[in-house]
$ cat entry_16.cif   # mmCIF, C-alpha atoms and all ligand atoms
data_input
#
loop_
_atom_site.label_atom_id
_atom_site.label_comp_id
_atom_site.auth_asym_id
_atom_site.auth_seq_id
_atom_site.Cartn_x
_atom_site.Cartn_y
_atom_site.Cartn_z
CA MET A 24 -12.03 -26.80 6.12
CA PRO A 25 -9.08 -26.09 3.74
CA LYS A 26 -9.89 -23.96 0.69
CA PRO A 27 -10.27 -26.05 -2.51
CA VAL A 28 -7.17 -25.84 -4.71
CA PRO A 29 -7.94 -24.64 -8.29
CA LEU A 30 -7.34 -27.39 -10.83
CA SER A 31 -6.47 -26.93 -14.48
CA ILE A 32 -6.27 -29.93 -16.76
CA LEU A 33 -3.61 -30.14 -19.48
CA ASP A 34 -4.82 -27.78 -22.21
CA LEU A 35 -3.87 -29.70 -25.33
CA ARG A 36 -6.76 -30.12 -27.75
CA GLU A 37 -4.88 -32.76 -29.76
CA GLN A 38 -4.64 -35.11 -26.76
CA ARG A 39 -7.32 -37.62 -25.75
CA TYR A 40 -7.49 -40.33 -23.13
CA SER A 41 -9.87 -42.90 -21.66
CA CYS A 42 -8.95 -46.03 -19.72
CA HIS A 43 -9.22 -49.15 -21.91
CA GLY A 44 -8.67 -51.55 -19.01
CA CYS A 45 -5.37 -53.03 -20.27
CA GLY A 46 -4.20 -53.34 -16.64
CA ASP A 47 -0.61 -52.45 -17.63
CA CYS A 48 -0.47 -49.79 -14.92
CA CYS A 49 -1.12 -52.51 -12.29
CA ARG A 50 1.62 -54.74 -13.73
CA ASP A 51 5.12 -53.50 -13.93
CA PHE A 52 4.43 -50.08 -12.37
CA SER A 53 5.48 -49.30 -8.80
CA VAL A 54 2.90 -47.48 -6.70
CA GLN A 55 4.35 -44.98 -4.24
CA LEU A 56 2.20 -44.52 -1.15
CA ARG A 57 1.31 -41.41 0.80
CA ASP A 58 0.57 -41.32 4.54
CA GLU A 59 -3.17 -41.10 3.76
CA ASP A 60 -2.90 -44.23 1.56
CA LEU A 61 -1.19 -46.13 4.39
CA ASP A 62 -3.96 -45.09 6.80
CA ARG A 63 -6.63 -46.22 4.35
CA LEU A 64 -4.91 -49.56 3.65
CA GLY A 65 -4.54 -50.06 7.41
CA ARG A 66 -8.28 -49.52 7.91
CA GLN A 67 -8.97 -52.06 5.16
CA ARG A 68 -6.95 -54.60 7.23
CA TRP A 69 -5.27 -56.25 4.25
CA GLU A 70 -2.24 -57.64 6.06
CA GLU A 71 -4.43 -59.50 8.54
CA ARG A 72 -6.78 -60.73 5.83
CA LEU A 73 -4.15 -61.76 3.27
CA GLY A 74 -1.50 -62.86 5.75
CA GLU A 75 1.27 -61.13 3.75
CA ARG A 76 3.05 -57.79 3.59
CA ILE A 77 1.52 -55.28 1.23
CA VAL A 78 4.00 -52.38 1.69
CA VAL A 79 7.74 -52.28 0.87
CA GLU A 80 10.26 -49.53 1.66
CA PHE A 81 12.84 -48.42 -0.90
CA ARG A 82 15.22 -45.48 -0.45
CA GLY A 83 13.04 -43.95 2.23
CA GLN A 84 9.80 -44.19 0.21
CA ARG A 85 6.98 -46.68 0.66
CA TYR A 86 5.51 -48.68 -2.23
CA LEU A 87 2.84 -51.31 -2.76
CA ARG A 88 4.48 -54.70 -2.79
CA GLN A 89 4.77 -56.39 -6.19
CA ARG A 90 4.68 -60.08 -7.05
CA PRO A 91 7.82 -61.57 -8.62
CA ASP A 92 6.33 -61.00 -12.11
CA GLY A 93 5.97 -57.27 -11.34
CA ALA A 94 2.17 -57.32 -10.82
CA CYS A 95 0.71 -55.38 -7.90
CA VAL A 96 -0.15 -57.52 -4.90
CA PHE A 97 -3.81 -56.43 -5.33
CA LEU A 98 -4.16 -57.33 -9.01
CA GLN A 99 -6.64 -60.21 -9.36
CA GLU A 100 -6.64 -62.95 -11.98
CA ASP A 101 -9.56 -61.28 -13.76
CA GLY A 102 -7.32 -58.24 -14.30
CA LEU A 103 -9.25 -56.11 -11.80
CA CYS A 104 -8.07 -54.41 -8.64
CA ARG A 105 -9.06 -56.12 -5.41
CA ILE A 106 -9.27 -52.86 -3.47
CA HIS A 107 -11.56 -51.41 -6.14
CA ALA A 108 -13.68 -54.59 -6.20
CA GLU A 109 -14.18 -54.68 -2.42
CA PHE A 110 -14.13 -51.02 -1.37
CA GLY A 111 -14.66 -48.95 -4.54
CA PHE A 112 -12.55 -46.61 -6.72
CA ASP A 113 -12.13 -43.88 -4.10
CA GLU A 114 -10.52 -46.29 -1.62
CA LYS A 115 -7.50 -47.07 -3.85
CA PRO A 116 -4.14 -45.33 -3.32
CA VAL A 117 -4.13 -41.80 -4.73
CA ALA A 118 -1.48 -42.67 -7.37
CA CYS A 119 -3.76 -45.42 -8.78
CA ARG A 120 -6.76 -43.09 -8.88
CA LEU A 121 -4.81 -40.42 -10.67
CA PHE A 122 -2.89 -42.47 -13.22
CA PRO A 123 -2.13 -41.58 -15.99
CA PHE A 124 -2.61 -38.03 -14.73
CA ASN A 125 0.07 -36.34 -12.61
CA LEU A 126 -0.69 -33.43 -10.34
CA ALA A 127 1.77 -30.53 -10.39
CA PRO A 128 0.81 -27.92 -7.80
CA ASP A 129 2.31 -24.43 -7.70
CA ALA A 130 1.36 -21.14 -6.09
CA ARG A 131 -1.54 -20.61 -8.56
CA GLY A 132 -3.23 -23.99 -8.21
CA THR A 133 -2.65 -27.47 -9.57
CA THR A 134 -2.10 -28.62 -13.14
CA ALA A 135 -3.04 -32.16 -14.12
CA GLY A 136 -0.59 -33.39 -16.77
CA LEU A 137 -0.49 -36.77 -18.49
CA ASN A 138 1.97 -39.63 -18.30
CA PHE A 139 2.82 -41.31 -21.60
CA ALA A 140 3.61 -44.59 -19.84
CA CYS A 141 -0.08 -45.31 -20.48
CA SER A 142 -0.63 -47.01 -23.86
CA SER A 143 -4.02 -45.28 -24.36
CA VAL A 144 -2.34 -41.89 -23.89
CA ARG A 145 0.39 -42.77 -26.39
CA ALA A 146 -2.17 -44.06 -28.88
CA ASN A 147 -4.35 -40.96 -28.25
CA ARG A 148 -7.42 -43.12 -27.68
CA GLY A 149 -10.51 -41.96 -25.84
CA GLY A 150 -12.43 -38.85 -24.93
CA GLY A 151 -11.42 -35.29 -24.18
CA LEU A 152 -9.39 -34.66 -21.03
CA PRO A 153 -11.98 -32.41 -19.26
CA ALA A 154 -14.22 -35.50 -18.84
CA HIS A 155 -11.88 -36.60 -16.02
CA ARG A 156 -12.34 -33.45 -13.95
CA ASP A 157 -14.57 -34.95 -11.22
CA ASP A 158 -12.22 -37.86 -10.50
CA LEU A 159 -9.23 -35.52 -10.46
CA VAL A 160 -10.91 -33.04 -8.12
CA ARG A 161 -11.75 -35.85 -5.69
CA ALA A 162 -8.18 -37.18 -5.80
CA LEU A 163 -6.76 -33.67 -5.35
CA ARG A 164 -8.58 -33.42 -2.00
CA GLN A 165 -6.25 -36.20 -0.80
CA VAL A 166 -3.18 -34.07 -1.58
CA PRO A 167 -3.34 -31.39 1.12
CA GLU A 168 0.18 -30.09 0.42
CA ALA A 169 -1.04 -28.93 -3.00
CA ALA A 170 -2.31 -25.76 -1.28
CA THR A 171 1.14 -24.77 -0.03
CA VAL A 172 3.54 -25.44 -2.92
CA ALA A 173 5.75 -22.49 -3.91
CA PRO A 174 6.20 -21.47 -7.57
CA PRO A 175 9.10 -23.13 -9.41
CA ARG A 176 12.50 -21.45 -9.48
CA LEU A 177 13.88 -19.94 -12.67
CA ASP A 178 17.38 -21.03 -11.73
CA ARG A 179 18.94 -22.16 -8.49
CA ARG A 180 18.50 -18.80 -6.76
CA ARG A 181 15.40 -17.07 -8.11
CA ARG A 182 11.73 -17.96 -7.86
CA ALA A 183 9.80 -17.52 -11.09
CA THR A 184 6.65 -15.43 -11.34
CA ALA A 185 3.58 -17.00 -12.93
CA SER A 186 4.04 -14.95 -16.10
CA GLU A 187 7.69 -16.00 -16.39
CA VAL A 188 6.71 -19.69 -16.15
CA ASP A 189 4.03 -19.18 -18.81
CA ALA A 190 6.39 -17.23 -21.06
CA ILE A 191 8.94 -20.05 -21.16
CA ALA A 192 6.42 -22.88 -21.55
CA GLU A 193 4.47 -21.03 -24.26
CA SER A 194 7.58 -20.08 -26.25
CA LEU A 195 8.94 -23.62 -26.28
CA ASP A 196 5.47 -24.85 -27.21
CA ALA A 197 5.21 -22.31 -30.04
CA TRP A 198 8.41 -23.72 -31.54
CA LEU A 199 7.26 -27.34 -31.20
CA ARG A 200 3.97 -26.70 -32.97
CA ARG A 201 5.41 -24.63 -35.79
CA SER A 202 4.24 -26.49 -38.90
CA GLY A 203 6.19 -27.56 -41.94
CA ILE A 204 9.46 -28.22 -40.09
CA PRO A 205 10.87 -31.78 -40.00
CA LEU A 206 10.90 -33.51 -36.61
CA ARG A 207 14.70 -33.68 -36.52
CA VAL A 208 14.98 -29.90 -36.92
CA ARG A 209 12.30 -29.29 -34.31
CA LEU A 210 14.09 -31.51 -31.80
CA ASP A 211 17.43 -29.88 -32.57
CA GLY A 212 15.84 -26.44 -32.11
CA PHE A 213 14.25 -27.63 -28.88
CA ALA A 214 17.61 -28.80 -27.50
CA TRP A 215 19.18 -25.47 -28.55
CA LEU A 216 16.40 -23.52 -26.79
CA CYS A 217 16.80 -25.63 -23.65
CA GLN A 218 20.57 -25.07 -23.67
CA SER A 219 20.24 -21.33 -24.38
CA LEU A 220 17.51 -20.62 -21.81
CA GLY A 221 19.25 -22.89 -19.33
CA ALA A 222 22.39 -20.73 -19.63
CA ALA A 223 20.55 -17.37 -19.43
CA ASN A 224 21.46 -14.95 -16.65
CA PHE A 225 18.10 -14.47 -14.94
CA GLU A 226 19.52 -11.94 -12.54
CA LYS A 227 19.33 -9.37 -15.33
CA VAL A 228 16.42 -10.84 -17.27
CA ARG A 229 13.17 -10.78 -15.33
CA ASP A 230 9.42 -10.27 -15.83
CA ALA A 231 8.46 -9.12 -19.33
CA ARG A 232 12.07 -9.53 -20.48
CA VAL A 233 11.85 -13.30 -19.93
CA ARG A 234 9.13 -13.46 -22.59
CA GLU A 235 11.12 -11.13 -24.86
CA LEU A 236 14.18 -13.36 -24.55
CA ALA A 237 12.25 -16.61 -25.12
CA ASP A 238 10.36 -15.14 -28.11
CA LEU A 239 13.58 -13.77 -29.56
CA LEU A 240 15.27 -17.16 -29.37
CA VAL A 241 12.27 -18.91 -30.94
CA SER A 242 12.04 -16.32 -33.72
CA ALA A 243 15.68 -17.05 -34.64
CA LEU A 244 14.78 -20.66 -35.43
CA PRO A 245 15.33 -22.61 -37.58
CA GLN A 246 17.84 -20.37 -39.44
CA GLU A 247 20.04 -20.06 -36.34
CA LEU A 248 20.68 -23.81 -36.40
CA ASP A 249 22.33 -23.53 -39.82
CA HIS A 250 24.74 -20.94 -38.43
CA LEU A 251 25.55 -23.12 -35.43
CA PRO A 252 26.38 -26.58 -36.80
CA VAL A 253 27.53 -29.12 -34.23
CA ASP A 254 29.93 -32.04 -34.45
CA PRO A 255 28.83 -35.59 -33.71
CA PRO A 256 28.96 -36.36 -29.97
CA GLY A 257 32.31 -37.30 -28.48
CA ARG A 258 33.11 -40.61 -26.80
CA GLY A 259 32.47 -39.23 -23.32
CA GLN A 260 29.11 -37.78 -24.34
CA ARG A 261 27.98 -41.06 -25.93
CA ARG A 262 29.11 -42.93 -22.85
CA MET A 263 27.12 -40.65 -20.56
CA LEU A 264 24.07 -40.94 -22.83
CA ARG A 265 24.09 -44.73 -22.50
CA GLN A 266 24.26 -44.33 -18.72
CA ALA A 267 21.47 -41.78 -18.74
CA SER A 268 19.36 -44.13 -20.87
CA PHE A 269 20.02 -46.96 -18.44
CA ALA A 270 18.95 -44.71 -15.54
CA ARG A 271 15.63 -44.17 -17.32
CA ILE A 272 14.82 -47.86 -17.79
CA GLU A 273 16.14 -49.06 -14.45
CA ASP A 274 13.41 -51.15 -13.01
CA PRO A 275 13.54 -52.01 -9.30
CA ARG A 276 10.98 -54.60 -8.32
CA PHE A 277 9.38 -54.19 -4.91
CA THR A 278 8.71 -57.78 -3.92
CA GLY A 279 9.82 -57.28 -0.32
CA ASP A 280 11.74 -60.56 -0.42
CA GLU A 281 15.22 -59.08 -0.61
CA SER A 282 17.25 -59.58 2.56
CA THR A 283 19.03 -56.21 2.27
CA PRO A 284 16.97 -54.53 -0.44
CA SER A 285 18.58 -51.13 -0.48
CA LEU A 286 22.25 -52.21 -0.56
CA ARG A 287 21.64 -55.03 -3.03
CA ALA A 288 19.59 -52.87 -5.35
CA ARG A 289 22.22 -50.11 -5.32
CA LEU A 290 25.11 -52.48 -6.03
CA SER A 291 23.33 -54.17 -8.87
CA GLN A 292 22.28 -50.80 -10.32
CA TRP A 293 25.88 -49.58 -10.15
CA ARG A 294 27.27 -52.69 -11.91
CA ARG A 295 24.79 -52.52 -14.77
CA SER A 296 25.31 -48.79 -15.12
CA ARG A 297 29.08 -49.45 -15.54
CA ARG A 298 28.39 -51.91 -18.34
CA PHE A 299 26.26 -49.33 -20.13
CA ALA A 300 29.03 -46.80 -19.67
CA ARG A 301 31.58 -49.17 -21.22
CA GLY A 302 29.27 -49.80 -24.16
CA ARG A 303 31.16 -52.80 -25.50
CA GLY A 304 30.22 -56.44 -25.87
CA ALA A 305 26.97 -57.93 -24.62
CA VAL A 306 24.13 -55.65 -23.49
CA PRO A 307 22.74 -56.25 -19.98
CA PRO A 308 18.97 -56.91 -19.96
CA LEU A 309 17.06 -53.78 -20.93
CA ALA A 310 13.50 -53.12 -19.82
CA ARG A 311 11.19 -55.89 -18.64
CA GLY A 312 9.45 -57.50 -21.60
CA TRP A 313 12.04 -56.23 -24.11
CA ARG A 314 14.26 -58.53 -26.15
CA THR A 315 17.85 -57.61 -25.38
CA PRO A 316 20.03 -56.85 -28.42
CA ALA A 317 23.08 -59.10 -28.61
CA THR A 318 25.67 -56.33 -28.45
CA PHE A 319 26.05 -52.57 -28.13
CA ALA A 320 27.39 -52.61 -31.69
CA ALA A 321 24.00 -53.97 -32.84
CA ILE A 322 22.31 -50.89 -31.32
CA GLU A 323 24.78 -48.54 -33.00
CA ALA A 324 24.07 -50.27 -36.33
CA VAL A 325 20.41 -49.13 -36.22
CA PRO A 326 20.17 -45.72 -37.94
CA SER A 327 18.91 -42.67 -36.04
CA VAL A 328 15.12 -42.40 -35.83
CA ALA A 329 13.40 -41.09 -38.97
CA GLY A 330 10.57 -38.70 -38.08
CA ASP A 331 7.73 -40.01 -40.22
CA PRO A 332 4.34 -38.41 -39.42
CA PRO A 333 3.03 -40.90 -36.79
CA ILE A 334 6.35 -40.77 -34.90
CA ALA A 335 6.46 -36.96 -35.14
CA ASP A 336 2.86 -36.73 -33.89
CA LEU A 337 3.64 -38.91 -30.86
CA VAL A 338 6.91 -37.26 -29.89
CA LEU A 339 5.61 -33.69 -30.29
CA ARG A 340 2.40 -34.49 -28.39
CA TRP A 341 4.49 -35.90 -25.54
CA LEU A 342 6.86 -32.92 -25.40
CA ARG A 343 4.02 -30.39 -25.53
CA ALA A 344 2.01 -32.31 -22.90
CA THR A 345 5.07 -32.41 -20.63
CA LEU A 346 5.66 -28.65 -20.92
CA LEU A 347 2.03 -27.55 -20.68
CA GLY A 348 1.05 -30.16 -18.10
CA GLY A 349 3.53 -28.93 -15.47
CA ARG A 350 5.80 -32.00 -15.71
CA ALA A 351 8.97 -30.28 -16.90
CA TRP A 352 10.08 -28.53 -13.68
CA GLY A 353 8.98 -27.49 -10.19
CA SER A 354 6.70 -29.85 -8.28
CA GLY A 355 6.14 -31.85 -11.49
CA TYR A 356 9.87 -32.69 -11.76
CA TYR A 357 11.64 -33.23 -8.41
CA GLY A 358 11.25 -29.56 -7.48
CA TRP A 359 13.91 -28.63 -10.06
CA PRO A 360 14.36 -25.08 -11.38
CA ILE A 361 13.06 -24.35 -14.88
CA ALA A 362 16.60 -24.03 -16.30
CA ASP A 363 17.55 -27.55 -15.14
CA GLY A 364 14.16 -29.09 -15.91
CA MET A 365 14.32 -27.96 -19.54
CA GLN A 366 17.72 -29.55 -19.98
CA ALA A 367 16.49 -32.79 -18.40
CA LEU A 368 13.68 -32.84 -20.95
CA ALA A 369 16.11 -32.35 -23.84
CA LEU A 370 18.18 -35.21 -22.43
CA ASP A 371 15.02 -37.35 -22.33
CA VAL A 372 14.63 -36.67 -26.07
CA ALA A 373 18.15 -37.95 -26.76
CA CYS A 374 17.61 -41.00 -24.50
CA LEU A 375 14.29 -41.69 -26.22
CA GLY A 376 16.06 -41.91 -29.58
CA TRP A 377 18.79 -44.18 -28.21
CA LEU A 378 16.31 -46.48 -26.44
CA ALA A 379 14.07 -46.68 -29.53
CA ARG A 380 17.15 -47.79 -31.49
CA ALA A 381 17.97 -50.32 -28.73
CA HIS A 382 14.42 -51.68 -28.83
CA ALA A 383 14.52 -51.96 -32.63
CA ALA A 384 17.87 -53.78 -32.43
CA GLY A 385 16.42 -56.26 -29.92
CA GLU A 386 13.53 -56.96 -32.28
CA GLY A 387 15.92 -57.50 -35.18
CA LYS A 388 14.55 -54.50 -37.12
CA ALA A 389 16.77 -52.66 -39.58
CA ALA A 390 15.20 -49.30 -38.64
CA VAL A 391 13.17 -47.77 -35.82
CA ASP A 392 9.41 -47.87 -36.34
CA LEU A 393 6.51 -46.37 -34.39
CA ALA A 394 6.22 -49.45 -32.13
CA SER A 395 9.83 -49.06 -30.94
CA VAL A 396 9.37 -45.34 -30.24
CA GLU A 397 6.17 -46.12 -28.31
CA GLU A 398 7.93 -48.74 -26.20
CA ALA A 399 10.87 -46.46 -25.46
CA LEU A 400 8.61 -43.51 -24.65
CA GLY A 401 6.55 -45.68 -22.30
CA ARG A 402 9.73 -46.43 -20.34
CA ILE A 403 11.10 -42.89 -20.38
CA ASP A 404 7.89 -41.32 -19.15
CA ARG A 405 7.32 -44.02 -16.58
CA ALA A 406 10.54 -42.90 -14.88
CA ARG A 407 10.05 -39.13 -15.44
CA GLY A 408 9.47 -37.43 -12.09
CA ARG A 409 9.10 -40.80 -10.29
CA ALA A 410 12.49 -42.53 -10.28
CA VAL A 411 14.23 -41.10 -7.22
CA TRP A 412 17.74 -41.35 -8.72
CA LEU A 413 16.75 -39.08 -11.65
CA GLY A 414 16.10 -36.29 -9.17
CA SER A 415 19.49 -36.64 -7.46
CA ALA A 416 22.40 -34.21 -7.28
CA GLY A 417 24.44 -36.64 -9.42
CA GLU A 418 21.88 -36.37 -12.19
CA ARG A 419 22.11 -32.57 -12.07
CA LEU A 420 25.90 -32.88 -12.46
CA ARG A 421 25.42 -35.16 -15.44
CA LEU A 422 23.16 -32.52 -17.02
CA ARG A 423 25.71 -29.80 -16.51
CA TYR A 424 28.22 -31.97 -18.35
CA PHE A 425 25.77 -32.49 -21.23
CA ALA A 426 24.81 -28.83 -21.45
CA ALA A 427 28.44 -27.80 -21.96
CA ASP A 428 29.92 -28.03 -25.42
CA ASP A 429 26.51 -28.35 -27.16
CA GLY A 430 26.20 -31.87 -25.72
CA LEU A 431 22.41 -31.92 -25.72
CA ARG A 432 22.16 -30.87 -29.38
CA ARG A 433 24.88 -33.28 -30.43
CA LEU A 434 23.21 -36.22 -28.71
CA VAL A 435 19.74 -35.35 -29.99
CA LEU A 436 21.04 -35.10 -33.57
CA ALA A 437 22.98 -38.37 -33.26
CA ASN A 438 19.79 -40.25 -32.38
CA TRP A 439 17.11 -38.48 -34.50
S1 LIG A 501 -3.83 -51.05 -5.96
FE1 LIG A 501 -5.26 -51.71 -7.54
S2 LIG A 501 -5.27 -50.05 -9.07
FE2 LIG A 501 -3.43 -49.78 -7.78
S3 LIG A 501 -1.79 -50.86 -8.91
FE3 LIG A 501 -2.68 -52.31 -7.41
S4 LIG A 501 -4.23 -53.45 -8.58
FE4 LIG A 501 -3.75 -51.59 -9.75
#

$ encode --input "entry_16.cif" --output "structure tokens" --more "lines below"
Ligand code: SF4
Amino acid sequence: MPKPVPLSILDLREQRYSCHGCGDCCRDFSVQLRDEDLDRLGRQRWEERLGERIVVEFRGQRYLRQRPDGACVFLQEDGLCRIHAEFGFDEKPVACRLFPFNLAPDARGTTAGLNFACSSVRANRGGGLPAHRDDLVRALRQVPEAATVAPPRLDRRRRATASEVDAIAESLDAWLRRSGIPLRVRLDGFAWLCQSLGAANFEKVRDARVRELADLLVSALPQELDHLPVDPPGRGQRRMLRQASFARIEDPRFTGDESTPSLRARLSQWRRSRRFARGRGAVPPLARGWRTPATFAAIEAVPSVAGDPPIADLVLRWLRATLLGGRAWGSGYYGWPIADGMQALALDVACLGWLARAHAAGEGKAAVDLASVEEALGRIDRARGRAVWLGSAGERLRLRYFAADDGLRRLVLANW
């Protein structure tokens, strides 16, 4: 029998969660299936009993089929799951049993982080996270590869040690929770840290020196930011930000009815991405359930997000949960090195601001409020680590472009 994999649950006292049965995760949320899930669904004989396909393939991955309105094929009219109703909780696909937790295994064990696509997580409603340990341990038994995952890499060539991973996560976290600093300054400092650590030469800086470097950078904040002012983003940077934002709300629907699903989906994605890049005239539909602003100019007319306390609480909780919950790099983020994963997270911050402004524009609001930030964050985190195109080589190239010329700082400051 394989040795049990040690599990640690996101250690963030400020964060709470219990399921409030909204059913949102069964509507509008694609469920990727593992081999074990397919075996289990096969034993439950759904295709014979329902007389319809329940699994769809997309870009080499298998997903539960969705109805045209985005609901899972197993979601009943009473809002409950049919698999759960007939066979019990432990017979559902692993992703359903885990949500909104994500498992991020590395050489030390597995960390359970939290996904802010869940409205109860965003609203911080429910009990303490350790209450979910038993369910998580049972689900982890269905993830045998968790026992064999290597530690994340520091950069493209070097594996990180456990203490190096902790040093970087803890230093970034220390900056985010430093009190008395406005949200905008904290996000700017965060982008600067991600850019600076992302550019570090880890060939020369290893072991205890990684912590020294990270602590040194954090200790220079926020004064360092005053010495390093940045210009507003250039046209090319703003263009790429709109494309990156589009990539985070792109919403394939797995109905299984497409005649050539892969080709059609790719072409349509490419066309809409081009319209976001152009950034003129009418806006293509944004996320499902969002009102689309009339024009890109209407989005630009909404001021950057003001960090009043409820917005600051939400955004900082999300960033800290992402870093401490193993969702920023390694197995929690497409297997990416820490240097790249940090920059992707800073880009998410900039996209979050832009999408919150887009949501507010669609609602006809003159300024971004908490509801718009919640909506945008739900979409951003829904894609984080799950949307296959965000883990592609092209996305890494895009990040390299942003990281040059202070792009990440400039885009964060333009939207917050
Ligand atoms: S299988 Fe059940 S729990 Fe999973 S998404 Fe479908 S309805 Fe929801």

$ residues_around --input "entry_16.cif" --residues "Ala320 of chain A" --least-positions-apart "3" --cutoff "12 Å" --atoms "all atoms listed in the file" --output "PyMOL selection string"
chain A and resi 301-306+316-317+323-326+380-381+384-385

$ residues_around --input "entry_16.cif" --residues "Ile32 of chain A" --least-positions-apart "4" --cutoff "10 Å" --atoms "all atoms listed in the file" --output "PyMOL selection string"
chain A and resi 124-126+133-137+152-156+159+347-349

$ axis_aligned_box --input "entry_16.cif" --around "ligand LIG 501 (chain A)" --padding-each-side "8 Å" --output "lines of an AutoDock Vina configuration file"
center_x = -3.5
center_y = -51.6
center_z = -7.9
size_x = 19.5
size_y = 19.7
size_z = 19.8

$ residues_near_ligand --input "entry_16.cif" --ligand "ligand LIG 501 (chain A)" --cutoff "7 Å" --atoms "only C-alpha atoms and all ligand atoms" --output "list in words"
Cys48, Cys49, Val54, Cys95, Val96, Phe97, Leu98, Leu103, Cys104, Arg105, Ile106, His107, Lys115, Pro116 and Cys119 of chain A

$ atom_distance --input "entry_16.cif" --atom1 "atom CA of Val233 of chain A" --atom2 "atom CA of Arg421 of chain A"
26.1 Å

$ build_atoms --input "entry_16.cif" --residues "segment 313-331 of chain A" --atoms "N, CA and C atoms" --output "CSV table (one decimal), keeping the file's coordinate frame"
chain,number,residue,atom,x,y,z
A,313,TRP,N,11.3,-56.6,-22.9
A,313,TRP,CA,12.0,-56.2,-24.1
A,313,TRP,C,13.0,-57.4,-24.4
A,314,ARG,N,13.2,-57.6,-25.7
A,314,ARG,CA,14.3,-58.5,-26.2
A,314,ARG,C,15.6,-57.7,-26.1
A,315,THR,N,16.6,-58.3,-25.5
A,315,THR,CA,17.8,-57.6,-25.4
A,315,THR,C,18.7,-57.8,-26.7
A,316,PRO,N,19.2,-56.7,-27.3
A,316,PRO,CA,20.0,-56.8,-28.4
A,316,PRO,C,21.3,-57.6,-28.0
A,317,ALA,N,21.9,-58.3,-29.0
A,317,ALA,CA,23.1,-59.1,-28.6
A,317,ALA,C,24.2,-58.2,-28.1
A,318,THR,N,24.5,-57.2,-28.8
A,318,THR,CA,25.7,-56.3,-28.4
A,318,THR,C,25.3,-54.8,-28.6
A,319,PHE,N,26.2,-54.0,-28.0
A,319,PHE,CA,26.0,-52.6,-28.1
A,319,PHE,C,26.3,-52.2,-29.6
A,320,ALA,N,27.1,-52.9,-30.3
A,320,ALA,CA,27.4,-52.6,-31.7
A,320,ALA,C,26.1,-52.8,-32.5
A,321,ALA,N,25.3,-53.8,-32.1
A,321,ALA,CA,24.0,-54.0,-32.8
A,321,ALA,C,23.1,-52.8,-32.7
A,322,ILE,N,23.1,-52.1,-31.5
A,322,ILE,CA,22.3,-50.9,-31.3
A,322,ILE,C,22.9,-49.8,-32.2
A,323,GLU,N,24.2,-49.6,-32.2
A,323,GLU,CA,24.8,-48.5,-33.0
A,323,GLU,C,24.5,-48.7,-34.5
A,324,ALA,N,24.3,-50.0,-34.9
A,324,ALA,CA,24.1,-50.3,-36.3
A,324,ALA,C,22.7,-49.8,-36.8
A,325,VAL,N,21.8,-49.6,-35.8
A,325,VAL,CA,20.4,-49.1,-36.2
A,325,VAL,C,20.5,-47.6,-36.5
A,326,PRO,N,20.0,-47.2,-37.7
A,326,PRO,CA,20.2,-45.7,-37.9
A,326,PRO,C,19.3,-44.9,-37.0
A,327,SER,N,19.7,-43.6,-36.9
A,327,SER,CA,18.9,-42.7,-36.0
A,327,SER,C,17.5,-42.7,-36.5
A,328,VAL,N,16.6,-42.3,-35.6
A,328,VAL,CA,15.1,-42.4,-35.8
A,328,VAL,C,14.7,-41.4,-36.9
A,329,ALA,N,13.9,-42.0,-37.9
A,329,ALA,CA,13.4,-41.1,-39.0
A,329,ALA,C,12.0,-40.6,-38.5
A,330,GLY,N,11.8,-39.3,-38.7
A,330,GLY,CA,10.6,-38.7,-38.1
A,330,GLY,C,9.4,-38.8,-39.0
A,331,ASP,N,8.9,-40.0,-39.4
A,331,ASP,CA,7.7,-40.0,-40.2
A,331,ASP,C,6.5,-39.5,-39.4
